[in-house]
Amino acid sequence: MAAVAAAMRWRLLQVISVAVLGASGTPQPPNILLLLMDDMGWGDLGVYGEPSRETPNLDRMAAEGMLFPNFYTANPLCSPSRAALLTGRLPIRNGFYTTNGQARNAYTPQEVVGGIPDTELLLPELLKGAGYVSKIVGKWHLGHRPRFHPLKHGFDEWFGSPNCHFGPYDNRARPNIPVYRDWEMVGRFYEEFPIGQGQMVCSSPQEALDFIKRQQAAQHPFFLYWAIDATHAPVYASKPFLGTSQRGRYGDAVREIDDSVGKILNLLQDLRIVENTFVFFTSDNGAALISAPKEGGSNGPFLCGKQTTFEGGMREPAIAWWPGRIPAGQVSHQLGSIMDLFTTSLSLAGLEPPSDRVIDGLDLLPAMLQGQLMERPIFYYRGNTLMAVTLGQYKAHFWTWTNSWEEFRQGIDFCPGQNVSGVTTHTQEEHTKLPLIFHLGRDPGERYPLSFASTEYLNVVDRITPVVQQHQEALVPGQPQLNVCNQAVMNWAPPGCEKLGKCLTPPESVPEKCSWPH
């Protein structure tokens with residue numbers, strides 16, 4: 001099997017290698033653009049059935065490329081999913097989880113001490129081996145402290161922020177979050193970079209367009225990670241788009257993102273590099289229904305949203321675009337994962353994944369270029385707990401939980417209007433002995449579990465049980481990075497603050513356990 005896989009990979013690389021010749025006359029690997037949205041739901045694009053049809057450029061991207069309706073994130077929250085994308089590894093392996101409670105979602109607000117470990121190998125670090133120049137535009141979210149800076153983990157350029165545009169803060173109890181250009185801050189949100197005043201801040205496409213032009217002129221293969229945050233509450237859009245959507249402010253932001261994607265794709269066509277540029281569009285987790293409808297999106301027919309391991313929290317919009325390479329107008333029913341973008345990007349560059357660690361991402365090129373379907377499980381983790389697994393069209397829940405009754409009674413609802421008795425539970429309910437199993441083809445909304453006594457149920461249990469056992473027996477969790485908080489590590493004095501006169505005095509260092517309520 002290994003020999004067959006190697007031969008197949010070699011044939012695919014031959015297809016890729018003829019894409020374009022570099023300045024030296026040698027084959028140049030394709031450019032790679034990963035467009036990662038923030039809290040955008042499966043149902044937010046016209047091609048996925050959004051009725052207002054306000055995403056013509058993304059719909060065109062799908063028509064010219066390949067749609068993945070069964071594509072998943074690795075976690076229903078922002079930081080862990082981004083760590084998974086850039087490492088190709090589940091958050092339980094790369095450390096982006098907490099042990100301060102069972103099944104708790106955790107991320108990187110600025111008081112979190114941890115971040116992406118130095119032992120993890122990130123995609124831009126590895127792409128350097130094939131001569132790539134890499135840039136991140138937008139939200140990093142893998143640690144605030146200087147040791148976690150993206151330029152220390154393989155990126156060559158950065159315009160964006162270590163976190164989302166939360167605030168405003170008073171710079172006494174909490175500092176406003178900095179915006180960086182490369183190594184140093186160039187201002188703070190709500191100060192030099194206002195939010196909610198018709199500005200796109202670090203979600204502007206111009207940084208991406210300028211980078212593409214520069215790298216094309218220099219004949220460098222490039223990796224662009226466009227990780228924008230405009231659809232994360234508080235949602236924002238620039239003045240030309242305000243009030244233009246039937247969906248309110250959230251729709252305004254989606255329309256502007258669609259316009260930006262159109263500008264990026266049009267530039268690639270104008271530069272005549274579309275046949276040597278691979279583009280993939282997806283989101284970090286499901287839509288935040290708690291912010292809907294004004295500042296949250298749609299998860300289509302799926303149950304619940306961000307923060308949960310139901311389909312609405314984990315299934316994402318996904319489009320691959322590579323004219324002349326990926327056949328146009330195709331739909332792949334391959335089970336895909338955000339972690340596959342790591343392995344697929346390495347394959348595009350002619351590189352092997354690291355062999356000294358477990359890599360969870362698959363190479364999707366056989367699915368994209370040859371229409372193959374590869375059987376694989378999708379594991380749904382929430383913090384340190386394996387909540388569910390999908391294999392084929394069957395999903396088995398081992399634990400169910402939305403959030404606590406206390407939070408729910410305070411109006412914090414991750415599944416508004418979608419209560420399913422015994423499924424959307426407000427206490428952590430264990431089903432490891434008798435999993436709740438759904439056929440996602442017949443029941444995408446996870447409303448009707450299979451009967452425990454049915455032959456279908458017993459057959460699915462027989463298929464899924466050894467897959468889960470093998471995974472759990474081989475699992476070596478990484479050191480949890482999201483356990484410790486300390487007010488002193490916040491963005492009081494980021495690199496470059498001296499030049500701007502923006503340094504603030506940190507409080508006394510008092511490490512404590514982070515509190516993660518759900």
# chains A, B, ... in the order shown; residues from 1 in each chain; ligands from 1
$ residues_around --residues "segment 242-248 of chain A" --least-positions-apart "4" --cutoff "12 Å" --atoms "only C-alpha atoms" --output "list in words"
Asp44, Glu50, Pro51, Ser52, Arg53, Glu54, Thr55, Gly196, Gln197, Gly198, Gln199, Met200, Thr231, Val235, Tyr236, Ala237, Ser238, Asp252, Ala253, Val254, Arg255, Glu256, Ala292, Pro293, Lys294, Glu295, Gly296, Gly297 and Ser298 of chain A
$ residues_around --residues "segment 443-446 of chain A" --least-positions-apart "6" --cutoff "6 Å" --atoms "only C-alpha atoms" --output "PyMOL selection string"
chain A and resi 301-303
$ closest_residue --among "A:Leu267, A:Gln370, A:Val389, A:Asp259" --to "Ser332 of chain A" --atoms "only C-alpha atoms"
A:Gln370
$ residues_around --residues "Ala63 of chain A" --least-positions-apart "6" --cutoff "10 Å" --atoms "only C-alpha atoms" --output "JSON, numbers by chain"
{"A": [47, 57, 319, 321, 327, 328, 329, 330, 331]}
$ write_last_selection --atoms "N, CA and C atoms" --output "PDB file, in the first residue's frame"
ATOM      1  N   VAL A  47     -23.936  29.583  -2.529  1.00  0.00           N
ATOM      2  CA  VAL A  47     -23.746  28.242  -3.067  1.00  0.00           C
ATOM      3  C   VAL A  47     -24.142  27.167  -2.066  1.00  0.00           C
ATOM      4  N   ASN A  57     -19.020  36.331  -5.742  1.00  0.00           N
ATOM      5  CA  ASN A  57     -17.638  35.946  -6.026  1.00  0.00           C
ATOM      6  C   ASN A  57     -17.299  34.579  -5.442  1.00  0.00           C
ATOM      7  N   ILE A 319     -14.231  25.642  -0.096  1.00  0.00           N
ATOM      8  CA  ILE A 319     -14.125  25.703  -1.557  1.00  0.00           C
ATOM      9  C   ILE A 319     -12.655  25.644  -1.937  1.00  0.00           C
ATOM     10  N   TRP A 321     -10.027  26.058  -5.216  1.00  0.00           N
ATOM     11  CA  TRP A 321     -10.012  26.743  -6.528  1.00  0.00           C
ATOM     12  C   TRP A 321      -8.607  26.683  -7.101  1.00  0.00           C
ATOM     13  N   PRO A 327     -10.839  20.271 -11.537  1.00  0.00           N
ATOM     14  CA  PRO A 327     -11.953  20.393 -12.482  1.00  0.00           C
ATOM     15  C   PRO A 327     -13.029  21.338 -11.953  1.00  0.00           C
ATOM     16  N   ALA A 328     -13.572  22.158 -12.824  1.00  0.00           N
ATOM     17  CA  ALA A 328     -14.555  23.161 -12.425  1.00  0.00           C
ATOM     18  C   ALA A 328     -15.914  22.522 -12.147  1.00  0.00           C
ATOM     19  N   GLY A 329     -16.648  23.162 -11.249  1.00  0.00           N
ATOM     20  CA  GLY A 329     -18.024  22.777 -10.992  1.00  0.00           C
ATOM     21  C   GLY A 329     -18.201  21.435 -10.324  1.00  0.00           C
ATOM     22  N   GLN A 330     -17.210  21.004  -9.550  1.00  0.00           N
ATOM     23  CA  GLN A 330     -17.270  19.694  -8.917  1.00  0.00           C
ATOM     24  C   GLN A 330     -17.672  19.809  -7.444  1.00  0.00           C
ATOM     25  N   VAL A 331     -18.287  18.745  -6.954  1.00  0.00           N
ATOM     26  CA  VAL A 331     -18.608  18.616  -5.533  1.00  0.00           C
ATOM     27  C   VAL A 331     -17.954  17.338  -5.034  1.00  0.00           C
TER      28      VAL A 331
END
$ residues_around --residues "Lys263 of chain A" --least-positions-apart "3" --cutoff "12 Å" --atoms "only C-alpha atoms" --output "PyMOL selection string"
chain A and resi 57-58+61+204-210+212+256-260+266-270
$ write_last_selection --atoms "N, CA, C and O atoms" --output "PDB file, in the first residue's frame"
ATOM      1  N   ASN A  57     -19.020  36.331  -5.742  1.00  0.00           N
ATOM      2  CA  ASN A  57     -17.638  35.946  -6.026  1.00  0.00           C
ATOM      3  C   ASN A  57     -17.299  34.579  -5.442  1.00  0.00           C
ATOM      4  O   ASN A  57     -16.627  33.765  -6.091  1.00  0.00           O
ATOM      5  N   LEU A  58     -17.767  34.316  -4.229  1.00  0.00           N
ATOM      6  CA  LEU A  58     -17.536  32.999  -3.643  1.00  0.00           C
ATOM      7  C   LEU A  58     -18.350  31.926  -4.368  1.00  0.00           C
ATOM      8  O   LEU A  58     -17.882  30.791  -4.540  1.00  0.00           O
ATOM      9  N   MET A  61     -16.375  31.234  -7.349  1.00  0.00           N
ATOM     10  CA  MET A  61     -15.219  30.423  -6.966  1.00  0.00           C
ATOM     11  C   MET A  61     -15.604  28.947  -6.900  1.00  0.00           C
ATOM     12  O   MET A  61     -14.860  28.068  -7.363  1.00  0.00           O
ATOM     13  N   SER A 204      -8.729  44.170   5.544  1.00  0.00           N
ATOM     14  CA  SER A 204      -8.653  44.745   4.206  1.00  0.00           C
ATOM     15  C   SER A 204      -7.928  43.805   3.248  1.00  0.00           C
ATOM     16  O   SER A 204      -6.923  43.190   3.612  1.00  0.00           O
ATOM     17  N   PRO A 205      -8.402  43.704   2.000  1.00  0.00           N
ATOM     18  CA  PRO A 205      -7.690  42.858   1.032  1.00  0.00           C
ATOM     19  C   PRO A 205      -6.396  43.469   0.527  1.00  0.00           C
ATOM     20  O   PRO A 205      -5.589  42.771  -0.095  1.00  0.00           O
ATOM     21  N   GLN A 206      -6.165  44.773   0.779  1.00  0.00           N
ATOM     22  CA  GLN A 206      -5.031  45.435   0.155  1.00  0.00           C
ATOM     23  C   GLN A 206      -3.704  44.815   0.565  1.00  0.00           C
ATOM     24  O   GLN A 206      -2.774  44.699  -0.258  1.00  0.00           O
ATOM     25  N   GLU A 207      -3.592  44.411   1.837  1.00  0.00           N
ATOM     26  CA  GLU A 207      -2.352  43.759   2.275  1.00  0.00           C
ATOM     27  C   GLU A 207      -2.096  42.484   1.479  1.00  0.00           C
ATOM     28  O   GLU A 207      -0.962  42.185   1.117  1.00  0.00           O
ATOM     29  N   ALA A 208      -3.149  41.733   1.227  1.00  0.00           N
ATOM     30  CA  ALA A 208      -3.017  40.500   0.452  1.00  0.00           C
ATOM     31  C   ALA A 208      -2.636  40.809  -0.997  1.00  0.00           C
ATOM     32  O   ALA A 208      -1.743  40.174  -1.571  1.00  0.00           O
ATOM     33  N   LEU A 209      -3.308  41.782  -1.591  1.00  0.00           N
ATOM     34  CA  LEU A 209      -3.046  42.121  -2.994  1.00  0.00           C
ATOM     35  C   LEU A 209      -1.620  42.604  -3.183  1.00  0.00           C
ATOM     36  O   LEU A 209      -0.931  42.203  -4.142  1.00  0.00           O
ATOM     37  N   ASP A 210      -1.143  43.458  -2.283  1.00  0.00           N
ATOM     38  CA  ASP A 210       0.223  43.984  -2.405  1.00  0.00           C
ATOM     39  C   ASP A 210       1.250  42.862  -2.260  1.00  0.00           C
ATOM     40  O   ASP A 210       2.258  42.835  -2.978  1.00  0.00           O
ATOM     41  N   ILE A 212       0.868  39.652  -2.950  1.00  0.00           N
ATOM     42  CA  ILE A 212       0.836  38.814  -4.153  1.00  0.00           C
ATOM     43  C   ILE A 212       1.620  39.480  -5.278  1.00  0.00           C
ATOM     44  O   ILE A 212       2.430  38.834  -5.969  1.00  0.00           O
ATOM     45  N   GLU A 256     -18.732  42.279   2.056  1.00  0.00           N
ATOM     46  CA  GLU A 256     -17.400  42.875   1.849  1.00  0.00           C
ATOM     47  C   GLU A 256     -16.335  41.798   1.711  1.00  0.00           C
ATOM     48  O   GLU A 256     -15.410  41.928   0.897  1.00  0.00           O
ATOM     49  N   ILE A 257     -16.455  40.736   2.508  1.00  0.00           N
ATOM     50  CA  ILE A 257     -15.514  39.617   2.357  1.00  0.00           C
ATOM     51  C   ILE A 257     -15.617  39.034   0.955  1.00  0.00           C
ATOM     52  O   ILE A 257     -14.599  38.759   0.299  1.00  0.00           O
ATOM     53  N   ASP A 258     -16.834  38.843   0.480  1.00  0.00           N
ATOM     54  CA  ASP A 258     -17.028  38.312  -0.870  1.00  0.00           C
ATOM     55  C   ASP A 258     -16.379  39.217  -1.914  1.00  0.00           C
ATOM     56  O   ASP A 258     -15.708  38.743  -2.841  1.00  0.00           O
ATOM     57  N   ASP A 259     -16.553  40.511  -1.754  1.00  0.00           N
ATOM     58  CA  ASP A 259     -15.933  41.459  -2.676  1.00  0.00           C
ATOM     59  C   ASP A 259     -14.407  41.352  -2.625  1.00  0.00           C
ATOM     60  O   ASP A 259     -13.735  41.393  -3.661  1.00  0.00           O
ATOM     61  N   SER A 260     -13.869  41.200  -1.407  1.00  0.00           N
ATOM     62  CA  SER A 260     -12.407  41.073  -1.256  1.00  0.00           C
ATOM     63  C   SER A 260     -11.893  39.799  -1.914  1.00  0.00           C
ATOM     64  O   SER A 260     -10.841  39.814  -2.576  1.00  0.00           O
ATOM     65  N   ASN A 266      -9.411  37.933  -8.990  1.00  0.00           N
ATOM     66  CA  ASN A 266      -9.224  38.714 -10.222  1.00  0.00           C
ATOM     67  C   ASN A 266      -7.763  39.100 -10.408  1.00  0.00           C
ATOM     68  O   ASN A 266      -7.253  39.100 -11.548  1.00  0.00           O
ATOM     69  N   LEU A 267      -7.071  39.435  -9.315  1.00  0.00           N
ATOM     70  CA  LEU A 267      -5.649  39.768  -9.431  1.00  0.00           C
ATOM     71  C   LEU A 267      -4.852  38.566  -9.918  1.00  0.00           C
ATOM     72  O   LEU A 267      -3.969  38.703 -10.782  1.00  0.00           O
ATOM     73  N   LEU A 268      -5.134  37.405  -9.369  1.00  0.00           N
ATOM     74  CA  LEU A 268      -4.431  36.204  -9.818  1.00  0.00           C
ATOM     75  C   LEU A 268      -4.637  35.979 -11.317  1.00  0.00           C
ATOM     76  O   LEU A 268      -3.712  35.579 -12.036  1.00  0.00           O
ATOM     77  N   GLN A 269      -5.863  36.261 -11.789  1.00  0.00           N
ATOM     78  CA  GLN A 269      -6.130  36.120 -13.227  1.00  0.00           C
ATOM     79  C   GLN A 269      -5.400  37.188 -14.026  1.00  0.00           C
ATOM     80  O   GLN A 269      -4.824  36.892 -15.087  1.00  0.00           O
ATOM     81  N   ASP A 270      -5.392  38.423 -13.519  1.00  0.00           N
ATOM     82  CA  ASP A 270      -4.705  39.505 -14.234  1.00  0.00           C
ATOM     83  C   ASP A 270      -3.201  39.239 -14.329  1.00  0.00           C
ATOM     84  O   ASP A 270      -2.569  39.575 -15.343  1.00  0.00           O
TER      85      ASP A 270
END
$ select_by_dssp --residues "segment 192-356 of chain A" --states "strand (DSSP E)" --output "mmCIF file with N, CA and C atoms, in the first residue's frame"
data_model
loop_
_atom_site.group_PDB
_atom_site.id
_atom_site.type_symbol
_atom_site.label_atom_id
_atom_site.label_comp_id
_atom_site.auth_asym_id
_atom_site.auth_seq_id
_atom_site.Cartn_x
_atom_site.Cartn_y
_atom_site.Cartn_z
ATOM 1 N N PHE A 222 4.781 31.690 -3.049
ATOM 2 C CA PHE A 222 4.360 32.331 -1.802
ATOM 3 C C PHE A 222 3.224 31.568 -1.138
ATOM 4 N N PHE A 223 3.170 31.752 0.182
ATOM 5 C CA PHE A 223 2.082 31.239 1.006
ATOM 6 C C PHE A 223 1.425 32.432 1.679
ATOM 7 N N LEU A 224 0.136 32.642 1.404
ATOM 8 C CA LEU A 224 -0.620 33.721 2.014
ATOM 9 C C LEU A 224 -1.716 33.120 2.877
ATOM 10 N N TYR A 225 -1.697 33.470 4.149
ATOM 11 C CA TYR A 225 -2.703 33.029 5.124
ATOM 12 C C TYR A 225 -3.535 34.249 5.472
ATOM 13 N N TRP A 226 -4.709 34.359 4.839
ATOM 14 C CA TRP A 226 -5.588 35.529 4.989
ATOM 15 C C TRP A 226 -6.638 35.173 6.030
ATOM 16 N N ALA A 227 -6.371 35.522 7.289
ATOM 17 C CA ALA A 227 -7.178 35.069 8.425
ATOM 18 C C ALA A 227 -7.915 36.264 9.023
ATOM 19 N N THR A 277 -1.557 28.675 -8.804
ATOM 20 C CA THR A 277 -1.951 29.193 -7.497
ATOM 21 C C THR A 277 -3.144 28.406 -6.976
ATOM 22 N N PHE A 278 -2.934 27.758 -5.860
ATOM 23 C CA PHE A 278 -3.973 26.976 -5.192
ATOM 24 C C PHE A 278 -4.636 27.848 -4.132
ATOM 25 N N VAL A 279 -5.961 27.944 -4.161
ATOM 26 C CA VAL A 279 -6.700 28.781 -3.217
ATOM 27 C C VAL A 279 -7.737 27.911 -2.507
ATOM 28 N N PHE A 280 -7.817 28.064 -1.183
ATOM 29 C CA PHE A 280 -8.815 27.313 -0.412
ATOM 30 C C PHE A 280 -9.485 28.274 0.566
ATOM 31 N N PHE A 281 -10.815 28.218 0.578
ATOM 32 C CA PHE A 281 -11.636 29.087 1.424
ATOM 33 C C PHE A 281 -12.376 28.240 2.449
ATOM 34 N N THR A 282 -12.306 28.628 3.740
ATOM 35 C CA THR A 282 -13.070 27.935 4.769
ATOM 36 C C THR A 282 -13.203 28.850 5.998
ATOM 37 N N SER A 283 -13.687 28.286 7.108
ATOM 38 C CA SER A 283 -13.894 29.047 8.335
ATOM 39 C C SER A 283 -13.300 28.295 9.512
ATOM 40 N N ARG A 315 -19.005 21.865 11.273
ATOM 41 C CA ARG A 315 -18.979 21.742 9.812
ATOM 42 C C ARG A 315 -18.871 23.126 9.184
ATOM 43 N N GLU A 316 -17.999 23.248 8.184
ATOM 44 C CA GLU A 316 -17.633 24.569 7.645
ATOM 45 C C GLU A 316 -17.863 24.657 6.146
ATOM 46 N N ILE A 319 -14.231 25.642 -0.096
ATOM 47 C CA ILE A 319 -14.125 25.703 -1.557
ATOM 48 C C ILE A 319 -12.655 25.644 -1.937
ATOM 49 N N ALA A 320 -12.310 24.753 -2.876
ATOM 50 C CA ALA A 320 -10.959 24.692 -3.444
ATOM 51 C C ALA A 320 -11.013 25.244 -4.868
ATOM 52 N N TRP A 321 -10.027 26.058 -5.216
ATOM 53 C CA TRP A 321 -10.012 26.743 -6.528
ATOM 54 C C TRP A 321 -8.607 26.683 -7.101
ATOM 55 N N GLN A 330 -17.210 21.004 -9.550
ATOM 56 C CA GLN A 330 -17.270 19.694 -8.917
ATOM 57 C C GLN A 330 -17.672 19.809 -7.444
ATOM 58 N N VAL A 331 -18.287 18.745 -6.954
ATOM 59 C CA VAL A 331 -18.608 18.616 -5.533
ATOM 60 C C VAL A 331 -17.954 17.338 -5.034
ATOM 61 N N GLY A 336 -13.558 16.041 4.909
ATOM 62 C CA GLY A 336 -12.349 16.853 4.979
ATOM 63 C C GLY A 336 -12.211 17.517 6.325
ATOM 64 N N SER A 337 -10.990 17.923 6.654
ATOM 65 C CA SER A 337 -10.702 18.588 7.917
ATOM 66 C C SER A 337 -9.795 19.774 7.670
#
$ residues_around --residues "segment 115-131 of chain A" --least-positions-apart "6" --cutoff "7 Å" --atoms "only C-alpha atoms" --output "number ranges by chain"
A: 86-87, 94, 142-143, 148, 153-155, 221, 342, 346, 349, 481
$ residues_around --residues "Ser421 of chain A" --least-positions-apart "4" --cutoff "12 Å" --atoms "only C-alpha atoms" --output "JSON, numbers by chain"
{"A": [400, 401, 425, 426, 446, 447, 448, 449]}
$ residues_around --residues "segment 497-514 of chain A" --least-positions-apart "3" --cutoff "8 Å" --atoms "only C-alpha atoms" --output "list of chain:residue names"
A:Asn100, A:Val112, A:Asn171, A:Pro175, A:Glu184, A:Met185, A:Val186, A:Gly187, A:Leu482, A:Asn483, A:Val484, A:Cys485, A:Asn486, A:Gln487, A:Ala488, A:Val489, A:Met490, A:Trp492, A:Ala493, A:Pro494
$ closest_residue --among "A:Arg357, A:His431, A:His518, A:Arg181" --to "Ile412 of chain A" --atoms "only C-alpha atoms"
A:His518
$ closest_residue --among "A:Tyr169, A:Thr108, A:Arg174, A:Asp229" --to "His144 of chain A" --atoms "only C-alpha atoms"
A:Thr108
$ closest_residue --among "A:Arg145, A:Arg172, A:Lys135, A:Arg60" --to "Leu33 of chain A" --atoms "only C-alpha atoms"
A:Lys135
$ select_by_dssp --residues "segment 34-186 of chain A" --states "alpha helix (DSSP H)" --output "MDAnalysis selection string"
chainID A and resid 56:64 78:87 91:94 123:127
